[in-house]
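*Asks:* Contents of work-v5.cif (mmCIF, C-alpha atoms) are below:
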```
data_input
#
loop_
_atom_site.label_atom_id
_atom_site.label_comp_id
_atom_site.auth_asym_id
_atom_site.auth_seq_id
_atom_site.Cartn_x
_atom_site.Cartn_y
_atom_site.Cartn_z
CA MET A 1 136.50 69.88 24.12
CA LEU A 2 138.47 72.86 25.51
CA ASN A 3 142.16 72.35 25.81
CA LYS A 4 143.76 72.12 29.25
CA LYS A 5 145.17 75.68 29.16
CA SER A 6 141.76 77.32 28.64
CA GLN A 7 140.18 75.10 31.31
CA VAL A 8 142.74 76.35 33.84
CA LEU A 9 141.83 79.94 32.94
CA VAL A 10 138.07 79.44 33.53
CA TYR A 11 138.54 77.54 36.78
CA GLY A 12 141.08 80.15 37.82
CA LEU A 13 138.40 82.83 37.32
CA ILE A 14 135.93 80.89 39.47
CA ALA A 15 138.59 80.51 42.17
CA ALA A 16 139.28 84.26 42.01
CA VAL A 17 135.56 85.07 42.39
CA ILE A 18 135.29 82.76 45.42
CA ALA A 19 138.41 84.37 46.90
CA ILE A 20 136.83 87.83 46.46
CA ILE A 21 133.68 86.68 48.30
CA ILE A 22 135.74 85.29 51.18
CA PHE A 23 137.85 88.46 51.43
CA SER A 24 134.80 90.73 51.32
CA TYR A 25 133.30 88.75 54.24
CA ILE A 26 136.56 88.99 56.20
CA GLY A 27 136.60 92.72 55.47
CA ASP A 28 133.06 93.00 56.87
CA VAL A 29 133.91 91.41 60.20
CA GLN A 30 136.93 93.65 60.73
CA PRO A 31 136.60 96.22 63.54
CA LYS A 32 134.27 99.03 62.61
CA LYS A 33 135.66 102.46 61.94
CA ASP A 34 135.13 105.31 64.45
CA PHE A 35 132.53 106.83 62.17
CA SER A 36 130.68 104.09 60.37
CA ILE A 37 128.39 106.31 58.36
CA ILE A 38 128.80 109.68 56.69
CA GLY A 39 127.74 112.44 59.06
CA ASP A 40 128.10 110.26 62.15
CA SER A 41 130.76 112.51 63.70
CA SER A 42 128.51 115.56 63.27
CA LEU A 43 125.62 113.70 64.87
CA ILE A 44 127.82 112.68 67.82
CA LEU A 45 128.92 116.29 68.30
CA LEU A 46 125.31 117.45 68.17
CA GLU A 47 124.43 114.84 70.80
CA ILE A 48 127.27 116.04 73.01
CA SER A 49 126.01 119.62 72.80
CA LYS A 50 122.64 118.34 74.05
CA GLU A 51 124.41 116.52 76.89
CA ALA A 52 126.06 119.83 77.82
CA GLU A 53 122.67 121.54 77.78
CA LYS A 54 121.25 118.87 80.06
CA THR A 55 124.13 119.38 82.49
CA LEU A 56 123.58 123.14 82.45
CA PHE A 57 119.90 122.67 83.11
CA TYR A 58 120.69 120.43 86.09
CA ILE A 59 123.04 123.14 87.43
CA ASP A 60 120.40 125.83 86.85
CA GLN A 61 117.78 123.89 88.77
CA SER A 62 120.25 123.05 91.55
CA ALA A 63 121.16 126.73 91.85
CA LYS A 64 117.47 127.62 92.16
CA TYR A 65 116.88 125.17 95.02
CA SER A 66 120.19 126.15 96.65
CA THR A 67 119.09 129.78 96.70
CA HIS A 68 115.86 128.89 98.49
CA GLN A 69 117.68 126.61 100.93
CA THR A 70 120.33 129.26 101.60
CA ILE A 71 117.74 131.88 102.55
CA TYR A 72 116.08 129.36 104.85
CA ASP A 73 119.42 128.34 106.42
CA LEU A 74 120.46 131.96 106.99
CA ALA A 75 117.08 132.80 108.51
CA GLN A 76 117.42 129.81 110.85
CA ASN A 77 120.92 130.90 111.82
CA GLY A 78 120.34 134.61 112.40
CA GLY A 79 122.05 135.52 109.14
CA PHE A 80 125.31 133.74 109.99
CA ALA A 81 126.92 131.10 107.79
CA ASP A 82 129.00 129.29 110.42
CA GLU A 83 130.52 131.13 113.33
CA LYS A 84 128.34 133.42 115.39
CA GLU A 85 130.61 136.25 116.46
CA CYS A 86 128.52 137.24 119.48
CA GLY A 87 127.50 133.69 120.33
CA ALA A 88 123.97 132.39 120.81
CA TYR A 89 121.32 132.39 123.49
CA LEU A 90 118.90 129.45 123.70
CA GLY A 91 119.77 128.56 120.12
CA TYR A 92 119.18 132.09 118.82
CA SER A 93 122.12 133.94 117.27
CA LEU A 94 123.01 137.17 119.01
CA TRP A 95 123.79 140.35 117.11
CA SER A 96 125.11 142.11 120.18
CA SER A 97 126.78 141.18 123.43
CA ASP A 98 127.87 142.88 126.62
CA SER A 99 131.42 143.24 125.39
CA LYS A 100 130.73 144.39 121.85
CA VAL A 101 128.49 147.00 120.24
CA ILE A 102 125.71 146.01 117.86
CA THR A 103 127.47 146.94 114.62
CA GLU A 104 130.39 144.63 115.37
CA CYS A 105 128.13 141.56 115.43
CA ASN A 106 125.95 142.32 112.45
CA PRO A 107 126.24 139.40 110.04
CA ASP A 108 127.64 140.18 106.60
CA PHE A 109 124.61 138.96 104.69
CA LYS A 110 126.24 138.90 101.24
CA GLU A 111 129.34 136.98 102.30
CA ASN A 112 127.33 134.56 104.45
CA PHE A 113 124.92 134.03 101.58
CA LYS A 114 127.80 133.15 99.24
CA THR A 115 129.35 130.71 101.74
CA THR A 116 126.08 128.93 102.49
CA PHE A 117 125.00 128.93 98.85
CA LYS A 118 128.25 127.28 97.70
CA LYS A 119 127.92 124.64 100.40
CA ASN A 120 124.32 123.90 99.40
CA LEU A 121 125.04 123.88 95.67
CA ASN A 122 127.95 121.45 96.02
CA GLU A 123 125.65 118.95 97.70
CA PHE A 124 123.54 118.63 94.53
CA PHE A 125 126.38 117.73 92.18
CA PRO A 126 127.44 114.24 93.32
CA ASN A 127 124.00 112.96 92.23
CA TYR A 128 124.72 113.80 88.61
CA PRO A 129 125.94 110.86 86.49
CA GLN A 130 129.67 110.61 85.82
CA GLU A 131 130.09 113.31 88.47
CA ASN A 132 131.45 115.63 85.80
CA ILE A 133 130.34 118.84 87.50
CA PRO A 134 133.30 120.22 89.44
CA ILE A 135 132.76 121.11 93.10
CA ASN A 136 133.43 124.70 94.29
CA ASN A 137 133.49 125.75 90.66
CA TYR A 138 131.66 129.05 90.83
CA ASN A 139 132.67 132.56 91.79
CA LEU A 140 129.49 134.17 93.02
CA GLN A 141 128.32 137.71 92.54
CA LEU A 142 125.21 139.22 94.10
CA LYS A 143 123.65 141.83 91.86
CA ASP A 144 120.80 144.28 92.42
CA LYS A 145 118.51 143.18 95.20
CA LEU A 146 118.64 139.42 95.00
CA SER A 147 120.22 138.28 91.77
CA VAL A 148 122.83 135.56 92.05
CA ILE A 149 125.38 135.17 89.25
CA GLY A 150 127.81 132.26 89.22
CA LEU A 151 130.94 132.40 87.07
CA ALA A 152 132.56 129.05 86.43
CA THR A 153 136.28 128.80 87.08
CA GLU A 154 136.74 125.42 85.43
CA ASN A 155 135.17 123.97 82.27
CA ILE A 156 132.83 121.04 82.52
CA LYS A 157 134.26 118.05 80.67
CA ILE A 158 131.79 115.99 78.70
CA PRO A 159 133.23 112.61 77.68
CA ILE A 160 132.49 111.52 74.11
CA GLY A 161 132.14 107.80 74.59
CA ASP A 162 131.72 106.78 70.96
CA PHE A 163 135.11 108.10 69.81
CA SER A 164 137.20 106.21 72.34
CA SER A 165 136.96 105.74 76.08
CA ASP A 166 139.89 108.09 76.76
CA THR A 167 138.76 111.01 74.63
CA VAL A 168 137.38 113.93 76.55
CA TYR A 169 136.30 117.10 74.86
CA GLU A 170 135.95 120.27 76.82
CA ASN A 171 132.76 122.14 76.34
CA THR A 172 133.70 125.75 76.80
CA ALA A 173 130.62 127.44 75.43
CA ASP A 174 128.08 129.10 77.67
CA LEU A 175 129.34 127.48 80.83
CA ASP A 176 130.60 130.62 82.49
CA LYS A 177 127.23 131.74 83.74
CA ILE A 178 125.25 129.31 85.80
CA LYS A 179 122.30 131.20 87.07
CA GLU A 180 120.78 134.55 87.59
CA THR A 181 117.95 134.00 89.98
CA LYS A 182 115.63 136.85 90.82
CA LEU A 183 114.02 136.33 94.16
CA GLU A 184 111.85 139.39 94.41
CA MET B 1 132.16 68.56 13.90
CA LYS B 2 131.56 68.00 17.61
CA GLY B 3 128.40 66.37 18.96
CA LYS B 4 125.81 68.42 20.89
CA LYS B 5 126.87 66.81 24.16
CA ALA B 6 130.47 67.73 23.59
CA GLN B 7 129.50 71.33 22.79
CA VAL B 8 127.55 71.61 26.06
CA GLU B 9 130.53 70.20 27.92
CA ASP B 10 132.72 72.83 26.30
CA TRP B 11 130.45 75.63 27.42
CA LEU B 12 129.76 74.25 30.88
CA PRO B 13 132.52 76.12 32.80
CA THR B 14 131.59 79.40 31.07
CA ILE B 15 127.88 78.91 31.87
CA LEU B 16 128.84 78.08 35.47
CA LEU B 17 130.92 81.24 35.67
CA ILE B 18 128.06 83.36 34.30
CA VAL B 19 125.64 81.83 36.81
CA VAL B 20 128.06 82.55 39.67
CA LEU B 21 128.54 86.13 38.46
CA VAL B 22 124.79 86.73 38.16
CA PHE B 23 124.29 85.29 41.65
CA LEU B 24 127.06 87.54 43.00
CA PHE B 25 125.60 90.57 41.29
CA PHE B 26 122.22 90.01 42.98
CA PHE B 27 123.82 89.10 46.31
CA PHE B 28 125.93 92.28 46.46
CA SER B 29 123.17 94.57 45.23
CA ILE B 30 120.77 93.19 47.89
CA SER B 31 123.34 93.38 50.67
CA SER B 32 124.36 96.94 49.70
CA ALA B 33 120.69 97.96 49.61
CA ASN B 34 120.27 96.44 53.08
CA SER B 35 123.28 98.23 54.47
CA ALA B 36 122.10 101.53 52.95
CA GLU B 37 118.69 100.97 54.55
CA LYS B 38 120.37 100.20 57.88
CA SER B 39 122.51 103.35 57.69
CA LYS B 40 119.44 105.40 56.84
CA GLU B 41 117.56 103.95 59.80
CA GLN B 42 120.54 104.57 62.07
CA ILE B 43 120.80 108.22 60.97
CA GLU B 44 117.05 108.69 61.32
CA PHE B 45 117.14 107.23 64.84
CA GLN B 46 120.12 109.38 65.86
CA THR B 47 118.49 112.50 64.44
CA SER B 48 115.21 111.79 66.16
CA SER B 49 117.12 111.02 69.36
CA ILE B 50 118.83 114.45 69.19
CA ASP B 51 115.50 116.12 68.44
CA SER B 52 113.94 114.28 71.37
CA LYS B 53 116.71 115.38 73.72
CA GLN B 54 115.97 118.96 72.73
CA LEU B 55 112.25 118.33 73.03
CA LEU B 56 112.61 116.91 76.53
CA LEU B 57 114.64 119.93 77.61
CA ILE B 58 112.08 122.34 76.17
CA TYR B 59 109.34 120.38 77.95
CA LEU B 60 111.16 120.60 81.30
CA LYS B 61 111.68 124.34 80.86
CA THR B 62 108.00 124.97 80.04
CA PRO B 63 106.52 127.47 82.53
CA PHE B 64 104.25 125.95 85.17
CA GLU B 65 102.21 127.67 87.84
CA LEU B 66 103.43 126.56 91.23
CA ASP B 67 102.70 128.23 94.57
CA ALA B 68 106.06 127.35 96.11
CA ILE B 69 108.26 128.91 93.40
CA GLN B 70 108.04 131.99 91.28
CA ASN B 71 108.81 131.50 87.57
CA ALA B 72 108.53 127.75 88.03
CA ASN B 73 108.82 125.21 85.23
CA ILE B 74 107.64 121.62 84.74
CA ALA B 75 110.92 120.27 86.17
CA ASP B 76 110.10 122.13 89.41
CA ALA B 77 106.57 120.74 89.41
CA ILE B 78 107.87 117.18 88.97
CA ALA B 79 110.46 117.67 91.70
CA TYR B 80 107.83 119.09 94.08
CA TYR B 81 105.44 116.26 93.30
CA PHE B 82 108.03 113.74 94.48
CA THR B 83 108.60 115.69 97.72
CA ASN B 84 104.96 115.95 98.79
CA LEU B 85 103.17 113.41 96.51
CA ASP B 86 100.35 115.87 95.83
CA GLU B 87 97.92 114.02 93.53
CA GLU B 88 96.35 117.27 92.34
CA LEU B 89 99.77 118.47 91.19
CA LEU B 90 100.33 115.17 89.37
CA LYS B 91 97.05 115.64 87.51
CA GLN B 92 98.19 119.09 86.36
CA ILE B 93 101.57 117.69 85.31
CA LYS B 94 99.85 114.95 83.29
CA THR B 95 97.61 117.47 81.55
CA GLU B 96 100.54 119.74 80.66
CA THR B 97 102.60 116.76 79.48
CA ASN B 98 99.81 115.48 77.25
CA GLU B 99 99.29 118.90 75.80
CA PHE B 100 102.99 119.34 75.10
CA PHE B 101 103.97 115.99 73.59
CA SER B 102 100.74 115.40 71.68
CA LYS B 103 101.58 118.44 69.57
CA SER B 104 105.14 117.26 68.98
CA GLN B 105 106.55 115.14 66.13
CA LEU B 106 106.49 112.11 68.45
CA GLU B 107 102.74 111.81 67.97
CA SER B 108 102.06 110.51 64.47
CA ASP B 109 100.18 107.73 62.69
CA ARG B 110 103.10 105.38 63.15
CA SER B 111 104.18 106.28 66.66
CA SER B 112 103.29 107.83 69.96
CA TRP B 113 105.12 108.67 73.20
CA SER B 114 105.47 107.71 76.83
CA LEU B 115 107.26 109.43 79.72
CA ASP B 116 108.68 107.78 82.85
CA LEU B 117 109.38 109.82 85.97
CA THR B 118 111.37 107.93 88.57
CA ASN B 119 112.67 108.82 92.00
CA PRO B 120 115.23 106.04 92.67
CA LYS B 121 115.62 106.97 96.37
CA LYS B 122 111.90 106.68 97.06
CA ILE B 123 111.56 103.77 94.60
CA LYS B 124 108.61 105.52 93.04
CA LYS B 125 107.84 105.56 89.33
CA ILE B 126 105.16 107.46 87.45
CA THR B 127 104.41 106.71 83.81
CA ILE B 128 102.60 109.24 81.69
CA ASP B 129 101.31 107.77 78.44
CA SER B 130 99.72 109.44 75.46
CA GLU B 131 96.07 108.62 74.77
CA LYS B 132 97.19 106.47 71.84
CA THR B 133 99.65 104.50 73.99
CA LYS B 134 96.97 104.02 76.68
CA LYS B 135 94.65 102.60 74.04
CA GLN B 136 97.39 100.30 72.78
CA ILE B 137 98.06 99.04 76.34
CA SER B 138 94.37 98.47 77.04
CA GLU B 139 94.05 96.45 73.83
CA GLY B 140 97.17 94.42 74.66
CA ARG B 141 98.98 95.63 71.56
CA LEU B 142 102.08 96.92 73.35
CA ASP B 143 105.13 94.69 73.63
CA ARG B 144 108.64 95.44 74.86
CA LYS B 145 110.02 95.96 71.37
CA SER B 146 107.55 98.70 70.50
CA LYS B 147 108.81 101.02 73.27
CA ILE B 148 112.15 102.65 72.38
CA LYS B 149 113.98 105.00 74.73
CA LEU B 150 114.77 108.27 72.98
CA SER B 151 116.09 110.49 75.70
CA GLU B 152 116.90 110.53 79.38
CA THR B 153 117.77 113.29 81.80
CA LEU B 154 118.07 113.99 85.51
CA VAL B 155 116.57 116.87 87.42
CA PRO B 156 117.47 117.73 91.00
CA SER B 157 114.99 117.55 93.85
CA PRO B 158 114.70 120.21 96.58
CA ILE B 159 115.73 117.36 98.89
CA LYS B 160 119.47 117.41 98.22
CA ASP B 161 120.29 113.71 98.17
CA GLU B 162 117.39 112.86 95.86
CA PHE B 163 117.01 113.32 92.13
CA ILE B 164 114.43 112.48 89.50
CA GLN B 165 115.17 110.51 86.37
CA ILE B 166 113.06 111.43 83.35
CA GLN B 167 112.92 109.09 80.36
CA LEU B 168 111.16 109.79 77.08
CA PHE B 169 110.06 106.86 74.92
CA SER B 170 108.75 106.50 71.41
CA VAL B 171 105.98 103.91 71.16
CA LYS B 172 105.51 102.26 67.79
CA THR B 173 101.91 101.87 66.76
CA VAL B 174 101.10 98.18 66.33
CA TYR B 175 98.11 97.32 64.12
CA ARG B 176 96.55 93.89 64.47
#
```
Now that the file is in, can you turn its structure into structure tokens?
*Replies:*
Amino acid sequence: MLNKKSQVLVYGLIAAVIAIIIFSYIGDVQPKKDFSIIGDSSLILLEISKEAEKTLFYIDQSAKYSTHQTIYDLAQNGGFADEKECGAYLGYSLWSSDSKVITECNPDFKENFKTTFKKNLNEFFPNYPQENIPINNYNLQLKDKLSVIGLATENIKIPIGDFSSDTVYENTADLDKIKETKLE
Amino acid sequence: MKGKKAQVEDWLPTILLIVVLVFLFFFFSISSANSAEKSKEQIEFQTSSIDSKQLLLIYLKTPFELDAIQNANIADAIAYYFTNLDEELLKQIKTETNEFFSKSQLESDRSSWSLDLTNPKKIKKITIDSEKTKKQISEGRLDRKSKIKLSETLVPSPIKDEFIQIQLFSVKTVYR
């Protein structure tokens, strides 16, 4: 028969093993770390870059349809964006009036195109989830015959949900050029 | 000299301890193998999800012949289909889609693909399935668990207040 001292030692070992099991279970139910597996952060960043690409594609497509709509709107409006300097007759915009000579009423096609285009483009953005595309965000340039280049003034912010709800990373890459649409 | 019974009694706590330790060894090795398998599956899913996001974008940017737009892509074709509901255009979209995704990594022995095009404003949904998925549906082998969403994106419609939601699914092949 083992003496009492050695019995205590063996039962103590069993108690320690049981304690380890309990603690390992408690450790398992503790809140998960931000990155549970090795390489998770890299995968999240890769996913975010794809999200940015999706956003850019939405903007590209919106710019394409806005261009078409803008040409239609300007054609409907005699080339004017808003105010018709020489007024209108039976709904048709006038390019000359009794009081002014023709050149004074000629619409500035480029400026009117930019104004109408911006208005049309902005109407596409609220449909995008999280509404993370800023409104009036593009400085427009018309190049060659009918190429439209939009330069972003503000970065698009893509939230990274898996890090924490407050964390927002700015995607600064490739967001300065939205579209170059050739309409010839 | 102790009797046999007394000897067994002496060794009983030690034997018990050894049994517990052996049990623990197997328990932890199985649970660690399970967690490693889970992590592997999670990484594989995330990687395939990223690949699918890229794949969906490439698909949407694929050139498509459309009378209304020069240099059109499939996203334009889908958007125009939802504006005029031209069935001929839908047929062309389905053909292009089949051709594109059937050559991708989504089509394998173990899985296939399915694509949902939805216009929430018009409450209209079109599902384009691979030939394999169609066969699985016709044979009643497709359940909810076998269709996993891989990627989702929005494309604008020429009608400003509308948009089209595009969802790409992986469909697990079920053998019965």
*Asks:* Would you write out, as number ranges by chain, every residue that the PyMOL selection byres ((chain B and resi 86-92) around 12) captures in this file?
*Replies:* B: 64-68, 74, 76-85, 93-99, 117, 126-128
*Asks:* Counting only C-alpha atoms, write as a list in words all protein and nucleic acid residues lying at most 12 Å from (129.4, 135.7, 99.8) in the file's frame.
*Replies:*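 Using only C-alpha atoms, the matching residues come out as Thr70, Gly79, Phe80, Ala81, Pro107, Asp108, Phe109, Lys110, Glu111, Asn112, Phe113, Lys114, Thr115, Thr116, Phe117, Lys118, Lys119, Tyr138, Asn139, Leu140, Gln141, Leu142, Lys143, Val148, Ile149 and Gly150 of chain A.
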*Asks:* If I take CA of Lys64 (chain A) and CA of Pro156 (chain B), how far is one from the other in Å, to one decimal?
*Replies:*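 These atoms are spaced 10.0 Å apart.
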*Asks:* Using the chain letters and residue numbers of this document, give as a PDB file with C-alpha atoms, keeping the file's coordinate frame the residues selected by the PyMOL selection byres ((chain B) within 8 of (chain A)).
*Replies:*
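result.pdb written:
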```
ATOM      1  CA  ALA B   6     130.470  67.730  23.590  1.00  0.00           C
ATOM      2  CA  GLN B   7     129.500  71.330  22.790  1.00  0.00           C
ATOM      3  CA  GLU B   9     130.530  70.200  27.920  1.00  0.00           C
ATOM      4  CA  ASP B  10     132.720  72.830  26.300  1.00  0.00           C
ATOM      5  CA  PRO B  13     132.520  76.120  32.800  1.00  0.00           C
ATOM      6  CA  THR B  14     131.590  79.400  31.070  1.00  0.00           C
ATOM      7  CA  LEU B  17     130.920  81.240  35.670  1.00  0.00           C
ATOM      8  CA  SER B  39     122.510 103.350  57.690  1.00  0.00           C
ATOM      9  CA  ILE B  43     120.800 108.220  60.970  1.00  0.00           C
ATOM     10  CA  GLN B  46     120.120 109.380  65.860  1.00  0.00           C
ATOM     11  CA  THR B  47     118.490 112.500  64.440  1.00  0.00           C
ATOM     12  CA  ILE B  50     118.830 114.450  69.190  1.00  0.00           C
ATOM     13  CA  LYS B  53     116.710 115.380  73.720  1.00  0.00           C
ATOM     14  CA  GLN B  54     115.970 118.960  72.730  1.00  0.00           C
ATOM     15  CA  LEU B  57     114.640 119.930  77.610  1.00  0.00           C
ATOM     16  CA  GLN B  70     108.040 131.990  91.280  1.00  0.00           C
ATOM     17  CA  ASP B  76     110.100 122.130  89.410  1.00  0.00           C
ATOM     18  CA  THR B 153     117.770 113.290  81.800  1.00  0.00           C
ATOM     19  CA  LEU B 154     118.070 113.990  85.510  1.00  0.00           C
ATOM     20  CA  VAL B 155     116.570 116.870  87.420  1.00  0.00           C
ATOM     21  CA  PRO B 156     117.470 117.730  91.000  1.00  0.00           C
ATOM     22  CA  SER B 157     114.990 117.550  93.850  1.00  0.00           C
ATOM     23  CA  PRO B 158     114.700 120.210  96.580  1.00  0.00           C
ATOM     24  CA  LYS B 160     119.470 117.410  98.220  1.00  0.00           C
ATOM     25  CA  ASP B 161     120.290 113.710  98.170  1.00  0.00           C
ATOM     26  CA  GLU B 162     117.390 112.860  95.860  1.00  0.00           C
ATOM     27  CA  PHE B 163     117.010 113.320  92.130  1.00  0.00           C
TER      28      PHE B 163
END
```
*Asks:* Which distance in Å separates CA of Asp116 (chain B) and CA of Lys149 (chain B), to one decimal?
*Replies:* 10.1 Å
*Asks:* Work out how far apart CA of Thr67 (chain A) and CA of Glu152 (chain B) are and give it in Å to one decimal.
*Replies:*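 The value is 26.0 Å.
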*Asks:* Just so the selection is clear, what residues does the PyMOL selection byres ((chain B and resi 170) around 12) cover here, as number ranges by chain?
*Replies:* B: 45, 48-49, 52, 101-102, 104-108, 110-116, 129-130, 132-133, 142, 144-151, 167-169, 171-173
*Asks:* Put a box with edges along x, y and z around all the listed atoms of region 145-149 of chain B, pad it by 5 Å on each side, then give me its centre and sizes in Å, one decimal, as JSON.
*Replies:*
```
{"center_x": 110.8, "center_y": 100.5, "center_z": 72.6, "size_x": 16.4, "size_y": 19.0, "size_z": 14.2}
```
